[in-house]
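A.B. asks: Structure file coords-v7.pdb (PDB, C-alpha atoms) is given on the next line.
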```
MODEL        1
ATOM      1  CA  MET A   1     105.776  -3.144  61.503
ATOM      2  CA  SER A   2     102.320  -4.641  61.445
ATOM      3  CA  GLN A   3     100.663  -1.287  62.076
ATOM      4  CA  VAL A   4     102.318   0.265  59.084
ATOM      5  CA  SER A   5     101.151  -2.458  56.739
ATOM      6  CA  ASN A   6      97.540  -2.145  57.914
ATOM      7  CA  ALA A   7      97.581   1.591  57.283
ATOM      8  CA  GLN A   8      98.709   1.039  53.762
ATOM      9  CA  GLN A   9      95.979  -1.517  53.021
ATOM     10  CA  SER A  10      92.964   0.650  54.224
ATOM     11  CA  PRO A  11      91.950   3.492  51.789
ATOM     12  CA  PRO A  12      91.612   6.913  53.251
ATOM     13  CA  GLU A  13      88.005   8.021  54.076
ATOM     14  CA  PRO A  14      86.683  10.675  51.690
ATOM     15  CA  SER A  15      86.108  14.006  53.165
ATOM     16  CA  LYS A  16      82.530  15.505  53.331
ATOM     17  CA  LYS A  17      83.740  18.550  51.494
ATOM     18  CA  GLY A  18      84.769  16.507  48.497
ATOM     19  CA  PHE A  19      81.400  14.597  48.456
ATOM     20  CA  TYR A  20      79.235  17.664  48.361
ATOM     21  CA  GLY A  21      81.479  19.243  45.850
ATOM     22  CA  GLY A  22      80.935  16.299  43.499
ATOM     23  CA  ILE A  23      77.139  16.620  43.801
ATOM     24  CA  ALA A  24      77.300  20.302  43.012
ATOM     25  CA  THR A  25      79.446  19.599  40.020
ATOM     26  CA  GLY A  26      76.975  16.984  38.731
ATOM     27  CA  LEU A  27      74.025  19.320  39.138
ATOM     28  CA  GLY A  28      75.883  21.999  37.291
ATOM     29  CA  VAL A  29      76.460  19.653  34.402
ATOM     30  CA  VAL A  30      72.757  18.704  34.290
ATOM     31  CA  VAL A  31      71.631  22.331  34.403
ATOM     32  CA  ALA A  32      74.104  23.244  31.690
ATOM     33  CA  ALA A  33      72.858  20.370  29.553
ATOM     34  CA  LEU A  34      69.239  21.418  30.022
ATOM     35  CA  THR A  35      70.143  24.972  29.180
ATOM     36  CA  LEU A  36      71.884  23.984  25.979
ATOM     37  CA  MET A  37      69.296  21.353  24.936
ATOM     38  CA  PRO A  38      66.548  23.713  23.539
ATOM     39  CA  SER A  39      69.096  25.406  21.344
ATOM     40  CA  LEU A  40      70.509  22.131  20.115
ATOM     41  CA  THR A  41      67.221  20.129  19.721
ATOM     42  CA  ASN A  42      63.407  20.596  19.347
ATOM     43  CA  PHE A  43      62.831  19.459  22.866
ATOM     44  CA  LYS A  44      60.795  21.864  24.998
ATOM     45  CA  ILE A  45      59.569  21.754  28.514
ATOM     46  CA  VAL A  46      55.795  22.514  28.593
ATOM     47  CA  ASP A  47      52.928  22.505  31.082
ATOM     48  CA  THR A  48      50.801  19.490  30.122
ATOM     49  CA  THR A  49      47.765  20.932  31.894
ATOM     50  CA  ALA A  50      47.627  23.680  29.225
ATOM     51  CA  TYR A  51      47.234  21.173  26.370
ATOM     52  CA  ILE A  52      44.954  18.282  25.359
ATOM     53  CA  SER A  53      45.895  15.237  23.356
ATOM     54  CA  VAL A  54      44.719  14.884  19.776
ATOM     55  CA  ARG A  55      42.930  11.678  20.709
ATOM     56  CA  ASP A  56      40.972  13.361  23.492
ATOM     57  CA  LEU A  57      40.338  16.354  21.245
ATOM     58  CA  SER A  58      38.799  14.253  18.441
ATOM     59  CA  ALA A  59      36.785  12.243  20.963
ATOM     60  CA  GLY A  60      35.207  15.218  22.684
ATOM     61  CA  TYR A  61      35.345  18.214  20.307
ATOM     62  CA  TYR A  62      34.418  19.361  16.799
ATOM     63  CA  THR A  63      36.203  22.056  14.864
ATOM     64  CA  LYS A  64      34.311  25.300  14.284
ATOM     65  CA  GLU A  65      34.527  24.704  10.553
ATOM     66  CA  PHE A  66      32.910  21.265  10.941
ATOM     67  CA  VAL A  67      30.109  22.706  13.069
ATOM     68  CA  GLY A  68      29.564  25.518  10.562
ATOM     69  CA  ASP A  69      29.308  23.022   7.685
ATOM     70  CA  HIS A  70      27.116  20.438   9.417
ATOM     71  CA  TYR A  71      25.071  22.234  12.059
ATOM     72  CA  VAL A  72      22.631  25.166  12.153
ATOM     73  CA  ALA A  73      21.935  27.316  15.178
ATOM     74  CA  LYS A  74      18.495  26.785  16.733
ATOM     75  CA  THR A  75      17.759  30.495  16.482
ATOM     76  CA  ASP A  76      18.383  30.310  12.730
ATOM     77  CA  ILE A  77      16.099  27.274  12.447
ATOM     78  CA  SER A  78      13.183  29.131  14.026
ATOM     79  CA  LYS A  79      13.684  31.985  11.560
ATOM     80  CA  SER A  80      14.540  30.187   8.341
ATOM     81  CA  TYR A  81      13.190  26.622   8.583
ATOM     82  CA  ILE A  82       9.844  24.859   8.940
ATOM     83  CA  SER A  83       9.381  21.348  10.268
ATOM     84  CA  LYS A  84       8.629  18.611   7.739
ATOM     85  CA  GLU A  85       5.339  17.858   9.494
ATOM     86  CA  ASP A  86       4.172  21.463   9.228
ATOM     87  CA  ALA A  87       5.466  21.657   5.659
ATOM     88  CA  GLU A  88       3.484  18.559   4.654
ATOM     89  CA  LYS A  89       0.326  20.062   6.163
ATOM     90  CA  GLN A  90       0.832  23.296   4.263
ATOM     91  CA  VAL A  91       1.827  21.566   1.019
ATOM     92  CA  ALA A  92      -1.392  19.529   1.204
ATOM     93  CA  LYS A  93      -3.275  22.821   0.809
ATOM     94  CA  MET A  94      -1.116  23.970  -2.112
ATOM     95  CA  ILE A  95      -0.858  23.133  -5.804
ATOM     96  CA  PRO A  96       2.462  22.398  -7.555
ATOM     97  CA  PRO A  97       3.595  25.098 -10.019
ATOM     98  CA  GLU A  98       3.551  22.691 -12.968
ATOM     99  CA  ARG A  99      -0.101  21.874 -12.277
ATOM    100  CA  ILE A 100      -0.973  25.560 -11.997
ATOM    101  CA  GLU A 101       0.548  26.216 -15.414
ATOM    102  CA  LYS A 102      -1.343  23.228 -16.841
ATOM    103  CA  ASP A 103      -4.780  23.610 -15.241
ATOM    104  CA  TYR A 104      -5.101  27.268 -14.225
ATOM    105  CA  VAL A 105      -4.854  30.769 -15.666
ATOM    106  CA  PRO A 106      -4.271  34.047 -13.804
ATOM    107  CA  ARG A 107      -7.449  35.705 -12.560
ATOM    108  CA  ALA A 108      -6.826  38.849 -14.609
ATOM    109  CA  GLN A 109      -6.402  36.770 -17.763
ATOM    110  CA  TYR A 110      -9.580  34.840 -16.967
ATOM    111  CA  ASP A 111     -11.558  38.051 -16.444
ATOM    112  CA  THR A 112     -10.342  39.367 -19.794
ATOM    113  CA  LEU A 113     -11.266  36.129 -21.571
ATOM    114  CA  LYS A 114     -14.649  36.008 -19.847
ATOM    115  CA  LYS A 115     -15.464  39.580 -20.860
ATOM    116  CA  THR A 116     -14.559  38.788 -24.455
ATOM    117  CA  ALA A 117     -16.684  35.634 -24.363
ATOM    118  CA  ASP A 118     -19.605  37.505 -22.792
ATOM    119  CA  ASP A 119     -19.428  40.172 -25.482
ATOM    120  CA  LEU A 120     -19.439  37.536 -28.204
ATOM    121  CA  GLN A 121     -22.289  35.676 -26.526
ATOM    122  CA  ALA A 122     -24.266  38.901 -26.214
ATOM    123  CA  ARG A 123     -23.857  39.469 -29.936
ATOM    124  CA  LEU A 124     -24.896  35.885 -30.635
ATOM    125  CA  ASP A 125     -27.907  35.973 -28.317
ATOM    126  CA  GLY A 126     -28.866  39.561 -28.969
ATOM    127  CA  ILE A 127     -32.010  40.167 -30.943
ATOM    128  CA  PRO A 128     -31.262  42.390 -33.948
ATOM    129  CA  THR A 129     -33.182  45.552 -34.634
ATOM    130  CA  PRO A 130     -35.147  45.709 -36.810
ATOM    131  CA  PHE A 131     -36.214  42.096 -36.369
ATOM    132  CA  ARG A 132     -36.933  40.204 -39.549
ATOM    133  CA  THR A 133     -39.694  37.578 -39.410
ATOM    134  CA  ARG A 134     -38.282  34.081 -39.007
ATOM    135  CA  THR A 135     -39.863  30.981 -40.515
ATOM    136  CA  LYS A 136     -38.972  27.377 -39.741
ATOM    137  CA  LYS A 137     -40.215  24.062 -41.151
ATOM    138  CA  ILE A 138     -39.798  21.048 -38.881
ATOM    139  CA  SER A 139     -40.593  17.342 -39.040
ATOM    140  CA  LYS A 140     -41.503  14.651 -36.549
ATOM    141  CA  TYR A 141     -37.837  13.943 -35.963
ATOM    142  CA  GLU A 142     -36.507  17.442 -35.485
ATOM    143  CA  SER A 143     -37.243  20.516 -33.396
ATOM    144  CA  TRP A 144     -36.829  24.250 -33.674
ATOM    145  CA  VAL A 145     -34.590  25.820 -31.050
ATOM    146  CA  ASP A 146     -34.016  29.569 -31.259
ATOM    147  CA  ARG A 147     -31.697  30.676 -28.477
ATOM    148  CA  GLN A 148     -31.949  34.360 -29.317
ATOM    149  CA  LEU A 149     -35.704  34.308 -28.858
ATOM    150  CA  GLY A 150     -35.742  31.601 -26.204
ATOM    151  CA  ILE A 151     -38.283  29.381 -27.958
ATOM    152  CA  GLU A 152     -38.272  25.642 -28.621
ATOM    153  CA  ILE A 153     -40.791  23.583 -30.576
ATOM    154  CA  ALA A 154     -40.714  19.776 -30.845
ATOM    155  CA  VAL A 155     -43.294  17.448 -32.465
ATOM    156  CA  HIS A 156     -45.003  15.237 -29.927
ATOM    157  CA  SER A 157     -47.383  13.398 -32.270
ATOM    158  CA  LEU A 158     -49.187  13.924 -35.550
ATOM    159  CA  PHE A 159     -52.193  12.614 -37.450
ATOM    160  CA  TYR A 160     -52.888  13.041 -41.142
ATOM    161  CA  SER A 161     -55.952  11.901 -43.108
ATOM    162  CA  ASP A 162     -58.028  13.095 -46.013
ATOM    163  CA  LYS A 163     -60.352  14.926 -43.663
ATOM    164  CA  LYS A 164     -58.078  15.919 -40.803
ATOM    165  CA  GLU A 165     -54.648  17.249 -40.076
ATOM    166  CA  SER A 166     -53.636  17.494 -36.443
ATOM    167  CA  VAL A 167     -50.285  17.892 -34.730
ATOM    168  CA  SER A 168     -49.341  17.805 -31.074
ATOM    169  CA  ILE A 169     -46.261  19.834 -30.129
ATOM    170  CA  VAL A 170     -44.169  20.504 -27.032
ATOM    171  CA  LEU A 171     -43.821  24.266 -26.821
ATOM    172  CA  SER A 172     -41.314  26.218 -24.699
ATOM    173  CA  LEU A 173     -41.387  30.018 -24.515
ATOM    174  CA  PRO A 174     -39.027  32.327 -22.583
ATOM    175  CA  ASP A 175     -41.780  33.597 -20.257
ATOM    176  CA  ALA A 176     -43.780  30.350 -19.825
ATOM    177  CA  LYS A 177     -43.249  26.764 -18.731
ATOM    178  CA  PRO A 178     -43.023  23.988 -21.391
ATOM    179  CA  ARG A 179     -46.436  22.610 -22.337
ATOM    180  CA  ILE A 180     -48.159  20.433 -24.939
ATOM    181  CA  GLU A 181     -50.303  22.219 -27.516
ATOM    182  CA  GLU A 182     -52.819  20.467 -29.797
ATOM    183  CA  LEU A 183     -52.945  21.984 -33.294
ATOM    184  CA  ASP A 184     -55.730  21.428 -35.839
ATOM    185  CA  LYS A 185     -55.875  22.595 -39.429
ATOM    186  CA  ILE A 186     -59.436  23.887 -39.044
ATOM    187  CA  GLU A 187     -58.346  26.230 -36.223
ATOM    188  CA  LEU A 188     -54.954  27.019 -37.713
ATOM    189  CA  LYS A 189     -55.429  30.790 -37.516
ATOM    190  CA  GLU A 190     -56.089  30.491 -33.782
ATOM    191  CA  HIS A 191     -52.775  28.827 -33.033
ATOM    192  CA  ARG A 192     -50.830  31.926 -32.008
ATOM    193  CA  TRP A 193     -48.765  32.704 -28.938
ATOM    194  CA  THR A 194     -47.226  35.958 -27.764
ATOM    195  CA  PHE A 195     -44.167  36.232 -25.499
ATOM    196  CA  TYR A 196     -41.653  38.772 -24.259
ATOM    197  CA  LYS A 197     -37.912  38.680 -24.689
ATOM    198  CA  ASN A 198     -35.544  41.521 -23.712
ATOM    199  CA  ASN A 199     -38.568  43.738 -23.048
ATOM    200  CA  ARG A 200     -39.740  43.222 -26.619
ATOM    201  CA  GLU A 201     -42.965  41.493 -27.630
ATOM    202  CA  PHE A 202     -43.097  38.734 -30.236
ATOM    203  CA  GLU A 203     -45.740  36.524 -31.811
ATOM    204  CA  LEU A 204     -45.311  32.853 -32.708
ATOM    205  CA  ARG A 205     -47.863  31.164 -34.940
ATOM    206  CA  ALA A 206     -48.428  28.017 -36.932
ATOM    207  CA  GLU A 207     -48.438  28.655 -40.653
ATOM    208  CA  SER A 208     -49.303  25.100 -41.794
ATOM    209  CA  LEU A 209     -49.447  21.565 -40.403
ATOM    210  CA  LYS A 210     -48.522  19.658 -43.551
ATOM    211  CA  PRO A 211     -45.703  20.451 -43.790
ATOM    212  CA  ILE A 212     -45.252  21.758 -40.247
ATOM    213  CA  VAL A 213     -44.224  25.390 -40.518
ATOM    214  CA  PHE A 214     -43.972  28.064 -37.810
ATOM    215  CA  SER A 215     -43.099  31.730 -37.971
ATOM    216  CA  VAL A 216     -42.199  34.375 -35.409
ATOM    217  CA  ARG A 217     -42.376  38.149 -35.790
ATOM    218  CA  GLU A 218     -41.964  41.149 -33.548
ATOM    219  CA  ILE A 219     -45.027  43.080 -32.461
ATOM    220  CA  LEU A 220     -44.116  46.716 -32.801
ATOM    221  CA  SER A 221     -45.801  49.314 -30.650
ATOM    222  CA  GLU A 222     -47.360  52.415 -32.148
ATOM    223  CA  ASN A 223     -44.221  54.364 -31.151
ATOM    224  CA  GLY A 224     -41.862  51.672 -32.371
TER
ENDMDL
END
```
As a first step, turn the structure in this file into structure tokens.
C.D. replies:
Amino acid sequence: MSQVSNAQQSPPEPSKKGFYGGIATGLGVVVAALTLMPSLTNFKIVDTTAYISVRDLSAGYYTKEFVGDHYVAKTDISKSYISKEDAEKQVAKMIPPERIEKDYVPRAQYDTLKKTADDLQARLDGIPTPFRTRTKKISKYESWVDRQLGIEIAVHSLFYSDKKESVSIVLSLPDAKPRIEELDKIELKEHRWTFYKNNREFELRAESLKPIVFSVREILSENG
């Protein structure tokens, strides 16, 4: 009687076959759930070693677009750029375009202008043919400068009295150094000077001392 009651109170031991069968069933449910999960959700199983986090990416990498917008290849720099130091050295030897336009003219334009100016100057300085005698009256306070002939006469001093007229002049001729000449009325006809200009011979002489008058004429050769 007591043995029967004890058998009823103790539960029967589970069999090993039933235990392993339960584990297999559970694994099947898990596998089935994992199989159905991608189709039912956005969840995916990935290899994390094939990816990098956005945080690590921004900390250690730039996008190609960013590099293209903010960086230049060193090979391109050597071809297309010059250092600021070298540029400053070269710029120091150059003139800004606005200053060139203000202070300079092209060489060809300058040559054209110079030729025109030389032609005009040649006409101005040229001695006409035939040469007409030139006469000039001067005073103590003025001089006679003839650029065509290359002569210059300035009064140095003068003396006038009832018995004497004398004038001291500074005389410059194209083929002689400047000098002081003493002129006297008594020897007036002797006060003559000859000079050459452009392979032509001329004569300068004092015509009178009161007033002071000089004249210059060309000395023509027998064949002239």
A.B. asks: Taking the file as shown, what set of residues would the PyMOL selection byres ((chain A and resi 139) around 9) give back, as a ChimeraX atom specification?
C.D. replies: /A:137-138,140-143,154-155,211-213
A.B. asks: How far is it from CA of Ser208 in chain A to CA of His156 in chain A, in Å with one decimal?
C.D. replies: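 Result for CA of Ser208 in chain A versus CA of His156 in chain A: 16.0 Å, one decimal.
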A.B. asks: Given all atoms listed in the file as the basis, pick out the residue of A:Lys136, A:Asp175, A:Leu183, A:Glu203 nearest to Leu158 in chain A.
C.D. replies: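 Ranked by minimum distance to Leu158 in chain A, first place goes to A:Leu183.
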A.B. asks: Work out how far apart CA of Arg132 in chain A and CA of Glu218 in chain A are and give it in Å to one decimal.
C.D. replies: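 Rounded to one decimal, the two atoms are 7.9 Å apart.
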A.B. asks: May I ask for the distance between CA of Leu149 in chain A and CA of Phe202 in chain A, given in Å to one decimal place?
C.D. replies: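 We find that CA of Leu149 in chain A and CA of Phe202 in chain A lie 8.7 Å from each other.
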A.B. asks: Looking at A:Glu85, A:Glu101, A:Glu165, A:Asp125, which one is nearest to Gly150 in chain A, with distances taken over only C-alpha atoms?
C.D. replies: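 Looking at the shortest contact to Gly150 in chain A, the residue is A:Asp125.
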A.B. asks: At a cut-off of 10 Å, using all atoms listed in the file, what residues contact Arg134 in chain A? Leave out same-chain residues fewer than 2 positions from it and give the result as a PyMOL selection string.
C.D. replies: chain A and resi 131-132+136+146+204+214-218
A.B. asks: Grab the residues selected above and save them as a PDB file, in the frame of the given file with C-alpha atoms.
C.D. replies:
```pdb
ATOM      1  CA  PHE A 131     -36.214  42.096 -36.369  1.00  0.00           C
ATOM      2  CA  ARG A 132     -36.933  40.204 -39.549  1.00  0.00           C
ATOM      3  CA  LYS A 136     -38.972  27.377 -39.741  1.00  0.00           C
ATOM      4  CA  ASP A 146     -34.016  29.569 -31.259  1.00  0.00           C
ATOM      5  CA  LEU A 204     -45.311  32.853 -32.708  1.00  0.00           C
ATOM      6  CA  PHE A 214     -43.972  28.064 -37.810  1.00  0.00           C
ATOM      7  CA  SER A 215     -43.099  31.730 -37.971  1.00  0.00           C
ATOM      8  CA  VAL A 216     -42.199  34.375 -35.409  1.00  0.00           C
ATOM      9  CA  ARG A 217     -42.376  38.149 -35.790  1.00  0.00           C
ATOM     10  CA  GLU A 218     -41.964  41.149 -33.548  1.00  0.00           C
TER      11      GLU A 218
END
```
A.B. asks: Give as a ChimeraX atom specification the residues that the PyMOL selection byres ((chain A and resi 166) around 8) matches when applied to the coordinates above.
C.D. replies: /A:158-160,164-165,167-168,182-185,209
A.B. asks: Taking the file above as input, evaluate the PyMOL selection byres ((chain A and resi 198-200) around 10) and report the hits as a list of chain:residue names.
C.D. replies: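 Selection result, ordered by chain and number: A:Gly126, A:Ile127, A:Gln148, A:Leu149, A:Pro174, A:Phe195, A:Tyr196, A:Lys197, A:Glu201, A:Phe202, A:Glu218, A:Ile219, A:Leu220, A:Ser221.
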A.B. asks: Find, counting all atoms listed in the file, the residue in A:Arg107, A:Arg123, A:Lys163, A:Lys177 that gets nearest to Ile151 in chain A.
C.D. replies: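 Among the listed residues, the smallest separation from Ile151 in chain A belongs to A:Lys177.
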A.B. asks: For range 130-140 of chain A, take all atoms listed in the file, fit an axis-aligned box around them, add 8 Å to each of the six sides, then output centre and edge lengths in Å rounded to one decimal, as lines of an AutoDock Vina configuration file.
C.D. replies:
```
center_x = -38.3
center_y = 30.2
center_z = -38.8
size_x = 22.4
size_y = 47.1
size_z = 20.8
```
A.B. asks: So, with only C-alpha atoms as the atoms that count, which of A:Gln121, A:Thr194, A:Ser157, A:Ser80 lies closest to Ala176 in chain A?
C.D. replies: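 Ranked by minimum distance to Ala176 in chain A, first place goes to A:Thr194.
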A.B. asks: Ranking A:Ala59, A:Ile169, A:Leu124, A:Val72 by minimum distance to Trp144 in chain A and counting only C-alpha atoms, which one comes first?
C.D. replies: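 Answer, going by the shortest atom-to-atom distance: A:Ile169.
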